[in-house]
$ cat upload_33.txt   # compact mmCIF, C-alpha atoms
# COMPACT_ATOMS: atom_id res chain seq x y z
CA MET A 24 6.08 -22.17 4.57
CA LEU A 25 7.22 -19.74 1.87
CA VAL A 26 6.48 -16.07 2.61
CA SER A 27 6.99 -14.42 -0.75
CA GLY A 28 6.77 -10.82 -1.93
CA PRO A 29 8.15 -7.35 -1.21
CA GLU A 30 5.51 -6.07 1.23
CA GLU A 31 7.44 -6.26 4.50
CA LEU A 32 4.56 -5.49 6.87
CA LEU A 33 2.42 -8.34 5.54
CA ALA A 34 5.40 -10.68 5.58
CA ASP A 35 6.31 -9.80 9.15
CA ARG A 36 2.72 -10.35 10.23
CA ALA A 37 2.56 -13.72 8.48
CA VAL A 38 5.71 -14.91 10.26
CA ASP A 39 4.58 -13.50 13.61
CA ARG A 40 1.19 -15.15 13.20
CA LEU A 41 2.78 -18.53 12.58
CA ILE A 42 5.04 -18.17 15.61
CA GLY A 43 2.03 -17.10 17.68
CA LEU A 44 0.08 -20.20 16.66
CA ALA A 45 3.07 -22.38 17.54
CA ARG A 46 3.26 -20.78 20.99
CA GLU A 47 -0.46 -21.33 21.54
CA ARG A 48 0.25 -25.05 21.19
CA ASP A 49 3.47 -24.92 23.20
CA ALA A 50 4.46 -21.78 25.10
CA GLY A 51 8.07 -22.96 25.23
CA VAL A 52 8.46 -23.67 21.52
CA GLU A 53 11.99 -22.99 20.31
CA VAL A 54 12.24 -20.29 17.61
CA THR A 55 15.47 -20.02 15.61
CA ARG A 56 16.14 -17.18 13.17
CA ILE A 57 18.70 -17.44 10.38
CA ASP A 58 19.97 -14.73 8.02
CA ALA A 59 20.23 -16.39 4.61
CA SER A 60 22.72 -13.79 3.37
CA GLU A 61 25.24 -14.82 6.07
CA TYR A 62 24.44 -18.52 6.11
CA ALA A 63 27.20 -21.07 6.71
CA GLY A 64 26.84 -24.57 5.33
CA GLY A 65 25.36 -27.17 7.67
CA THR A 66 23.53 -24.72 9.95
CA LEU A 67 20.07 -25.77 8.80
CA GLY A 68 20.86 -29.39 9.48
CA VAL A 69 21.95 -28.56 13.03
CA VAL A 70 18.87 -26.50 13.98
CA THR A 71 16.41 -28.97 12.43
CA SER A 72 18.02 -32.20 13.60
CA PRO A 73 15.76 -34.47 15.72
CA SER A 74 15.63 -33.39 19.34
CA LEU A 75 15.82 -35.74 22.31
CA PHE A 76 12.24 -35.05 23.45
CA ALA A 77 10.76 -34.28 20.00
CA GLU A 78 9.77 -30.71 20.93
CA ASP A 79 8.19 -28.54 18.28
CA ARG A 80 10.51 -25.98 16.72
CA VAL A 81 10.12 -23.04 14.34
CA VAL A 82 13.01 -22.04 12.08
CA VAL A 83 12.67 -18.71 10.25
CA VAL A 84 15.10 -18.05 7.41
CA ALA A 85 15.11 -14.38 6.35
CA ASP A 86 16.53 -12.68 3.23
CA VAL A 87 16.37 -15.78 1.04
CA GLU A 88 16.52 -13.44 -1.98
CA ARG A 89 20.16 -12.83 -0.90
CA ALA A 90 20.90 -16.39 0.19
CA THR A 91 24.32 -17.99 -0.01
CA ASP A 92 24.74 -20.99 -2.27
CA GLU A 93 25.10 -23.12 0.87
CA LEU A 94 21.66 -22.11 2.17
CA ILE A 95 19.97 -22.96 -1.12
CA ALA A 96 21.69 -26.33 -1.28
CA ASP A 97 20.91 -27.18 2.35
CA ALA A 98 17.27 -26.07 2.03
CA LEU A 99 16.75 -28.19 -1.08
CA ALA A 100 18.25 -31.18 0.72
CA TYR A 101 16.06 -30.59 3.78
CA LEU A 102 12.88 -30.51 1.67
CA GLU A 103 13.59 -34.06 0.55
CA ALA A 104 13.23 -35.27 4.15
CA PRO A 105 11.65 -32.62 6.39
CA GLN A 106 11.32 -33.14 10.15
CA GLU A 107 7.78 -33.59 11.48
CA ASP A 108 8.38 -31.49 14.59
CA VAL A 109 9.95 -28.55 12.71
CA THR A 110 8.15 -25.68 10.97
CA LEU A 111 10.50 -24.10 8.45
CA VAL A 112 9.63 -20.59 7.22
CA LEU A 113 11.52 -19.14 4.28
CA ARG A 114 11.16 -15.39 3.67
CA HIS A 115 11.86 -14.28 0.08
CA ALA A 116 11.24 -10.62 -0.81
CA GLY A 117 11.48 -11.06 -4.58
CA GLY A 118 13.86 -11.55 -7.49
CA GLN A 119 15.32 -14.57 -9.21
CA ARG A 120 17.85 -15.60 -6.57
CA GLY A 121 17.00 -19.07 -5.31
CA LYS A 122 14.53 -19.77 -8.13
CA LYS A 123 15.02 -23.54 -7.97
CA LEU A 124 14.27 -23.49 -4.25
CA LEU A 125 11.16 -21.35 -4.77
CA ASP A 126 9.90 -23.61 -7.56
CA THR A 127 10.42 -26.66 -5.36
CA LEU A 128 8.51 -25.08 -2.48
CA ARG A 129 5.60 -24.06 -4.72
CA ALA A 130 5.44 -27.44 -6.43
CA GLY A 131 5.39 -29.37 -3.16
CA GLU A 132 3.14 -29.28 -0.12
CA SER A 133 4.51 -26.04 1.32
CA VAL A 134 2.14 -23.28 2.35
CA VAL A 135 2.78 -20.17 0.21
CA VAL A 136 1.87 -16.74 1.57
CA SER A 137 1.95 -13.98 -1.05
CA CYS A 138 2.85 -10.49 0.23
CA GLU A 139 2.52 -8.32 -2.85
CA PRO A 140 2.50 -4.50 -2.68
CA VAL A 141 -0.88 -2.88 -2.06
CA LYS A 142 -1.23 -0.50 -5.00
CA LYS A 143 -4.94 -0.12 -5.68
CA ASP A 144 -6.62 2.77 -3.95
CA GLY A 145 -9.52 0.59 -2.85
CA ASP A 146 -7.13 -1.91 -1.26
CA LYS A 147 -5.44 0.84 0.75
CA THR A 148 -8.74 2.11 2.14
CA ALA A 149 -9.81 -1.47 2.88
CA PHE A 150 -6.53 -1.98 4.75
CA VAL A 151 -7.10 1.12 6.89
CA THR A 152 -10.68 0.09 7.64
CA ALA A 153 -9.52 -3.38 8.66
CA GLU A 154 -6.71 -1.98 10.84
CA LEU A 155 -9.11 0.25 12.73
CA ARG A 156 -11.63 -2.56 13.10
CA ARG A 157 -8.93 -4.79 14.60
CA ALA A 158 -8.37 -2.06 17.17
CA GLY A 159 -12.09 -1.92 17.91
CA ARG A 160 -12.55 1.42 16.17
CA ARG A 161 -14.54 2.69 13.21
CA ALA A 162 -14.05 5.58 10.80
CA ASN A 163 -16.36 6.94 8.14
CA ALA A 164 -15.38 6.68 4.47
CA ALA A 165 -14.27 10.30 4.23
CA ALA A 166 -11.94 9.90 7.22
CA VAL A 167 -10.42 6.72 5.79
CA ARG A 168 -9.87 8.50 2.48
CA ALA A 169 -8.26 11.45 4.23
CA LEU A 170 -5.90 9.19 6.17
CA VAL A 171 -4.77 7.38 3.01
CA ASP A 172 -4.26 10.73 1.27
CA ALA A 173 -2.22 12.02 4.19
CA VAL A 174 -0.02 9.03 4.93
CA GLY A 175 0.35 7.51 1.47
CA SER A 176 0.68 3.93 0.29
CA ASP A 177 3.28 2.62 2.74
CA LEU A 178 1.44 -0.03 4.75
CA ARG A 179 3.71 0.22 7.74
CA GLU A 180 3.06 3.98 7.99
CA LEU A 181 -0.67 3.44 7.49
CA ALA A 182 -0.72 0.79 10.23
CA SER A 183 1.21 3.10 12.55
CA ALA A 184 -1.20 5.97 11.87
CA CYS A 185 -4.18 3.72 12.57
CA ALA A 186 -2.60 2.58 15.82
CA GLN A 187 -1.99 6.17 16.89
CA LEU A 188 -5.55 7.24 16.15
CA ALA A 189 -6.92 4.19 17.96
CA ALA A 190 -4.77 4.85 21.02
CA ASP A 191 -5.07 8.63 21.25
CA THR A 192 -8.71 9.25 20.36
CA THR A 193 -12.15 8.10 21.43
CA GLY A 194 -15.45 7.71 19.64
CA ALA A 195 -16.03 7.59 15.90
CA ILE A 196 -13.09 8.76 13.79
CA GLY A 197 -14.08 11.49 11.38
CA VAL A 198 -12.25 13.74 8.96
CA ASP A 199 -11.80 16.36 11.68
CA VAL A 200 -9.85 13.86 13.80
CA VAL A 201 -7.63 12.82 10.89
CA GLU A 202 -6.92 16.43 9.96
CA ARG A 203 -6.08 17.29 13.56
CA TYR A 204 -3.35 14.63 13.57
CA TYR A 205 -2.25 14.62 9.96
CA GLY A 206 -3.57 17.87 8.50
CA GLY A 207 -0.15 19.12 7.51
CA ARG A 208 0.56 15.96 5.59
CA ILE A 209 -2.85 16.02 3.93
CA GLU A 210 -2.24 19.53 2.65
CA ALA A 211 1.10 18.42 1.23
CA THR A 212 -0.45 15.88 -1.16
CA GLY A 213 -1.64 16.19 -4.71
CA PHE A 214 -5.09 14.85 -3.84
CA ARG A 215 -6.10 17.94 -1.91
CA VAL A 216 -4.75 20.13 -4.71
CA ALA A 217 -6.75 18.16 -7.25
CA ASP A 218 -9.93 18.30 -5.15
CA ALA A 219 -9.71 22.09 -4.83
CA ALA A 220 -8.95 22.57 -8.54
CA VAL A 221 -11.83 20.34 -9.67
CA GLU A 222 -14.15 22.26 -7.34
CA GLY A 223 -13.10 25.49 -9.09
CA ASP A 224 -11.41 26.95 -6.01
CA ALA A 225 -8.30 28.34 -7.71
CA GLY A 226 -7.04 30.23 -4.65
CA GLN A 227 -7.19 27.21 -2.36
CA ALA A 228 -5.72 24.94 -5.03
CA VAL A 229 -2.72 27.19 -5.62
CA ALA A 230 -2.18 27.74 -1.88
CA LEU A 231 -2.19 23.98 -1.27
CA LEU A 232 0.08 23.41 -4.27
CA ARG A 233 2.66 25.94 -3.12
CA HIS A 234 2.62 24.47 0.38
CA ALA A 235 3.07 20.99 -1.08
CA LEU A 236 6.00 22.06 -3.23
CA ALA A 237 7.58 23.94 -0.32
CA THR A 238 7.44 20.79 1.82
CA GLY A 239 9.18 18.67 -0.80
CA VAL A 240 6.35 17.18 -2.87
CA ASP A 241 7.47 16.53 -6.44
CA PRO A 242 5.35 18.08 -9.26
CA VAL A 243 4.95 14.70 -10.98
CA PRO A 244 2.59 13.08 -8.40
CA VAL A 245 0.57 16.31 -8.21
CA VAL A 246 -0.08 16.13 -11.95
CA ALA A 247 -0.83 12.42 -11.57
CA ALA A 248 -3.43 13.24 -8.89
CA LEU A 249 -5.05 15.81 -11.19
CA ALA A 250 -5.12 13.28 -14.03
CA ALA A 251 -6.60 10.57 -11.80
CA LYS A 252 -9.32 12.93 -10.58
CA LEU A 253 -10.26 13.97 -14.11
CA ARG A 254 -10.26 10.36 -15.32
CA ILE A 255 -12.81 9.47 -12.67
CA LEU A 256 -14.99 12.40 -13.71
CA ALA A 257 -14.78 11.34 -17.37
CA LYS A 258 -15.61 7.72 -16.56
CA VAL A 259 -18.62 8.59 -14.43
CA ALA A 260 -19.83 11.18 -16.96
CA ALA A 261 -19.74 8.52 -19.68
CA THR A 262 -22.20 6.33 -17.73
CA ARG A 263 -24.94 8.93 -17.47
CA GLY A 264 -28.21 7.51 -18.69
CA ARG A 265 -26.84 3.96 -18.90
CA GLY A 266 -28.08 2.72 -15.53
CA SER A 267 -26.47 1.50 -12.33
CA ALA A 268 -24.92 -1.57 -13.97
CA ALA A 269 -22.68 0.66 -16.09
CA VAL A 270 -21.55 2.51 -12.95
CA ARG A 271 -20.72 -0.76 -11.17
CA ASP A 272 -18.61 -1.85 -14.15
CA LEU A 273 -16.30 1.12 -13.60
CA GLY A 274 -14.75 -0.61 -10.59
CA LEU A 275 -14.93 2.54 -8.47
CA ALA A 276 -15.81 2.72 -4.80
CA PRO A 277 -19.32 4.08 -4.09
CA TRP A 278 -17.90 7.17 -2.40
CA GLN A 279 -15.82 7.91 -5.50
CA VAL A 280 -18.90 7.75 -7.71
CA ASP A 281 -20.90 9.95 -5.35
CA ARG A 282 -18.10 12.50 -5.19
CA ALA A 283 -17.74 12.51 -8.99
CA LEU A 284 -21.46 13.02 -9.51
CA ARG A 285 -21.37 16.04 -7.19
CA ASP A 286 -18.31 17.45 -8.94
CA LEU A 287 -19.82 16.94 -12.40
CA THR A 288 -22.56 19.48 -11.67
CA ARG A 289 -19.89 22.13 -12.31
CA TRP A 290 -18.56 20.58 -15.50
CA THR A 291 -19.56 20.34 -19.17
CA PRO A 292 -18.08 17.88 -21.68
CA GLU A 293 -16.18 20.78 -23.28
CA SER A 294 -14.69 22.08 -20.04
CA LEU A 295 -13.71 18.56 -18.98
CA ALA A 296 -11.94 18.03 -22.30
CA ALA A 297 -10.10 21.33 -21.87
CA ALA A 298 -8.96 20.36 -18.37
CA ILE A 299 -7.75 16.93 -19.51
CA THR A 300 -5.78 18.57 -22.32
CA ALA A 301 -4.17 21.02 -19.88
CA VAL A 302 -3.14 18.21 -17.54
CA ALA A 303 -1.76 16.12 -20.42
CA GLN A 304 0.42 19.07 -21.41
CA ALA A 305 1.59 19.52 -17.82
CA ASP A 306 2.38 15.80 -17.57
CA ALA A 307 4.81 16.11 -20.47
CA GLU A 308 6.30 19.30 -19.06
CA VAL A 309 6.97 18.00 -15.54
CA LYS A 310 8.61 14.91 -17.02
CA GLY A 311 11.24 16.85 -18.95
CA ALA A 312 9.57 18.93 -21.63
CA SER A 313 9.81 22.09 -19.52
CA ARG A 314 12.68 23.67 -17.62
CA ASP A 315 10.28 24.83 -14.89
CA PRO A 316 8.07 21.92 -13.77
CA GLU A 317 6.70 23.86 -10.78
CA PHE A 318 5.39 26.60 -13.07
CA ALA A 319 3.93 23.95 -15.38
CA VAL A 320 1.95 22.26 -12.62
CA GLU A 321 0.69 25.57 -11.20
CA ARG A 322 -0.51 26.62 -14.66
CA ALA A 323 -2.32 23.29 -15.04
CA VAL A 324 -3.99 23.73 -11.64
CA LEU A 325 -5.22 27.19 -12.63
CA ARG A 326 -6.50 25.91 -15.98
CA VAL A 327 -8.41 23.08 -14.33
CA ALA A 328 -9.92 25.41 -11.73
CA SER A 329 -10.87 27.88 -14.45
CA ALA A 330 -12.50 25.16 -16.55
CA SER A 331 -14.51 23.97 -13.55
CA ALA A 332 -15.76 27.47 -12.78
CA ARG A 333 -17.20 28.03 -16.24

$ encode --input "upload_33.txt" --output "structure tokens"
Amino acid sequence: MLVSGPEELLADRAVDRLIGLARERDAGVEVTRIDASEYAGGTLGVVTSPSLFAEDRVVVVADVERATDELIADALAYLEAPQEDVTLVLRHAGGQRGKKLLDTLRAGESVVVSCEPVKKDGDKTAFVTAELRRAGRRANAAAVRALVDAVGSDLRELASACAQLAADTTGAIGVDVVERYYGGRIEATGFRVADAAVEGDAGQAVALLRHALATGVDPVPVVAALAAKLRILAKVAATRGRGSAAVRDLGLAPWQVDRALRDLTRWTPESLAAAITAVAQADAEVKGASRDPEFAVERAVLRVASASAR
């Protein structure tokens, strides 16, 4: 098996799942772990050599992206004559090191598990929903959104947060529960700033922004959150009168569309254009065009809130 990709949580779970399945068949299965970056020639041959009683074995080779030349050579040789009672798992986090070995694995009969980063917003919320469901818990869409906003895109942190909520709370998980545990982190994100600005609440938006900046949030992701929020508004506004099919083609989650439709009641095409222009200017300023990026983002927040309130 090749476990490929940089997302460590998914890779760890794939390896653990395979070992778990092996132990379901044989509780005493032998598991050997090898660090490819410290590999000495001949080790793979020793741990995979036929055993006296033909017991099943699992060999996990980690850090193949930093493998020694000896590991790559031994692994290629092993693939020419693999042992039937051995499951060999190669973990490669990414990069070109060991390309010939990777190509050989993919071209043969090896199982390939891809562990790519979860970047799309919808995939993050789906991950949280699935994590809570695995723990026998449910959360409404707003609570899931709040948790993603608070914790961020790191899957290991998201999984840990889900585990904590599942262990420490009872009943349905709502926004109030998420804010009780992670409220400080929610307030320190650009999403809450953007929500308040788009709703025309300048005071709340600036208060959240200053708290975010004081707790170490960089101005760049705050501007990015403002831009993302306004892009959604513009996309949904452009579908008005074109039917539900046009809305579905946007690729947005239903809750995002519903939220945008509510927000758009406070916006005109002119005010939306003005807000987008203000955020575009701030984007350039926080990326080097201004000597005071914090002032630039605060001015953009105020301009967006002012445009919304018109």

$ atom_distance --input "upload_33.txt" --atom1 "atom CA of Asp177 of chain A" --atom2 "atom CA of Val141 of chain A"
8.4 Å

$ atom_distance --input "upload_33.txt" --atom1 "atom CA of Ile196 of chain A" --atom2 "atom CA of Asp35 of chain A"
27.2 Å

$ residues_around --input "upload_33.txt" --residues "segment 154-167 of chain A" --least-positions-apart "4" --cutoff "12 Å" --atoms "all atoms listed in the file" --output "PyMOL selection string"
chain A and resi 144-150+171-175+178-206+209+276-279+281-282

$ closest_residue --input "upload_33.txt" --among "A:Ala328, A:Ala248, A:Val320, A:Leu275" --to "Asp224 of chain A" --atoms "all atoms listed in the file"
A:Ala328

$ closest_residue --input "upload_33.txt" --among "A:Glu88, A:Ala96, A:Val136, A:Pro73" --to "Val38 of chain A" --atoms "all atoms listed in the file"
A:Val136

$ closest_residue --input "upload_33.txt" --among "A:Glu317, A:Thr291, A:Val82, A:Glu30" --to "Ala237 of chain A" --atoms "all atoms listed in the file"
A:Glu317

$ closest_residue --input "upload_33.txt" --among "A:Asp126, A:Asp286, A:Glu308, A:Asp58" --to "Ala219 of chain A" --atoms "all atoms listed in the file"
A:Asp286

$ residues_near_point --input "upload_33.txt" --point "(-7.8, 26.5, -14.2)" --cutoff "12 Å" --atoms "all atoms listed in the file" --output "PyMOL selection string"
chain A and resi 216-217+219-229+249+294-295+297-302+320-333

$ closest_residue --input "upload_33.txt" --among "A:Gly131, A:Pro242, A:Gly213, A:Gly68" --to "Ala307 of chain A" --atoms "all atoms listed in the file"
A:Pro242

$ closest_residue --input "upload_33.txt" --among "A:Arg80, A:Arg36, A:Arg289, A:Lys310" --to "Thr55 of chain A" --atoms "only C-alpha atoms"
A:Arg80

$ atom_distance --input "upload_33.txt" --atom1 "atom CA of Arg285 of chain A" --atom2 "atom CA of Ile255 of chain A"
12.1 Å

$ residues_around --input "upload_33.txt" --residues "Asp306 of chain A" --least-positions-apart "3" --cutoff "8 Å" --atoms "all atoms listed in the file" --output "PyMOL selection string"
chain A and resi 243+246-247+302-303+309-310

$ write_last_selection --input "upload_33.txt" --atoms "C-alpha atoms" --output "PDB file, in the frame of the given file"
ATOM      1  CA  VAL A 243       4.950  14.700 -10.980  1.00  0.00           C
ATOM      2  CA  VAL A 246      -0.080  16.130 -11.950  1.00  0.00           C
ATOM      3  CA  ALA A 247      -0.830  12.420 -11.570  1.00  0.00           C
ATOM      4  CA  VAL A 302      -3.140  18.210 -17.540  1.00  0.00           C
ATOM      5  CA  ALA A 303      -1.760  16.120 -20.420  1.00  0.00           C
ATOM      6  CA  VAL A 309       6.970  18.000 -15.540  1.00  0.00           C
ATOM      7  CA  LYS A 310       8.610  14.910 -17.020  1.00  0.00           C
TER       8      LYS A 310
END

$ build_atoms --input "upload_33.txt" --residues "segment 246-261 of chain A" --atoms "N, CA, C and O atoms" --output "compact mmCIF listing (two decimals), keeping the file's coordinate frame"
# COMPACT_ATOMS: atom_id res chain seq x y z
N VAL A 246 0.56 16.25 -10.63
CA VAL A 246 -0.08 16.13 -11.95
C VAL A 246 -0.80 14.79 -12.07
O VAL A 246 -1.90 14.70 -12.62
N ALA A 247 -0.19 13.74 -11.53
CA ALA A 247 -0.83 12.42 -11.57
C ALA A 247 -2.14 12.43 -10.80
O ALA A 247 -3.13 11.80 -11.23
N ALA A 248 -2.18 13.14 -9.66
CA ALA A 248 -3.43 13.24 -8.89
C ALA A 248 -4.50 13.99 -9.67
O ALA A 248 -5.68 13.61 -9.67
N LEU A 249 -4.10 15.07 -10.34
CA LEU A 249 -5.05 15.81 -11.19
C LEU A 249 -5.60 14.90 -12.29
O LEU A 249 -6.81 14.88 -12.54
N ALA A 250 -4.69 14.16 -12.94
CA ALA A 250 -5.12 13.28 -14.03
C ALA A 250 -6.06 12.19 -13.52
O ALA A 250 -7.07 11.88 -14.16
N ALA A 251 -5.74 11.62 -12.36
CA ALA A 251 -6.60 10.57 -11.80
C ALA A 251 -7.99 11.11 -11.48
O ALA A 251 -9.00 10.45 -11.73
N LYS A 252 -8.04 12.31 -10.93
CA LYS A 252 -9.32 12.93 -10.58
C LYS A 252 -10.16 13.16 -11.83
O LYS A 252 -11.37 12.86 -11.86
N LEU A 253 -9.53 13.68 -12.87
CA LEU A 253 -10.26 13.97 -14.11
C LEU A 253 -10.69 12.68 -14.81
O LEU A 253 -11.76 12.64 -15.44
N ARG A 254 -9.86 11.64 -14.71
CA ARG A 254 -10.26 10.36 -15.32
C ARG A 254 -11.52 9.81 -14.68
O ARG A 254 -12.41 9.28 -15.36
N ILE A 255 -11.61 9.93 -13.35
CA ILE A 255 -12.81 9.47 -12.67
C ILE A 255 -14.02 10.26 -13.12
O ILE A 255 -15.10 9.69 -13.40
N LEU A 256 -13.87 11.57 -13.24
CA LEU A 256 -14.99 12.40 -13.71
C LEU A 256 -15.42 11.97 -15.11
O LEU A 256 -16.62 11.85 -15.39
N ALA A 257 -14.45 11.73 -15.99
CA ALA A 257 -14.78 11.34 -17.37
C ALA A 257 -15.47 9.98 -17.40
O ALA A 257 -16.44 9.78 -18.16
N LYS A 258 -14.99 9.04 -16.58
CA LYS A 258 -15.61 7.72 -16.56
C LYS A 258 -17.05 7.78 -16.07
O LYS A 258 -17.95 7.17 -16.66
N VAL A 259 -17.27 8.50 -14.98
CA VAL A 259 -18.62 8.59 -14.43
C VAL A 259 -19.54 9.36 -15.38
O VAL A 259 -20.70 8.98 -15.58
N ALA A 260 -19.02 10.40 -16.00
CA ALA A 260 -19.83 11.18 -16.96
C ALA A 260 -20.28 10.31 -18.12
O ALA A 260 -21.40 10.45 -18.62
N ALA A 261 -19.42 9.38 -18.54
CA ALA A 261 -19.74 8.52 -19.68
C ALA A 261 -20.85 7.52 -19.38
O ALA A 261 -21.44 6.94 -20.30
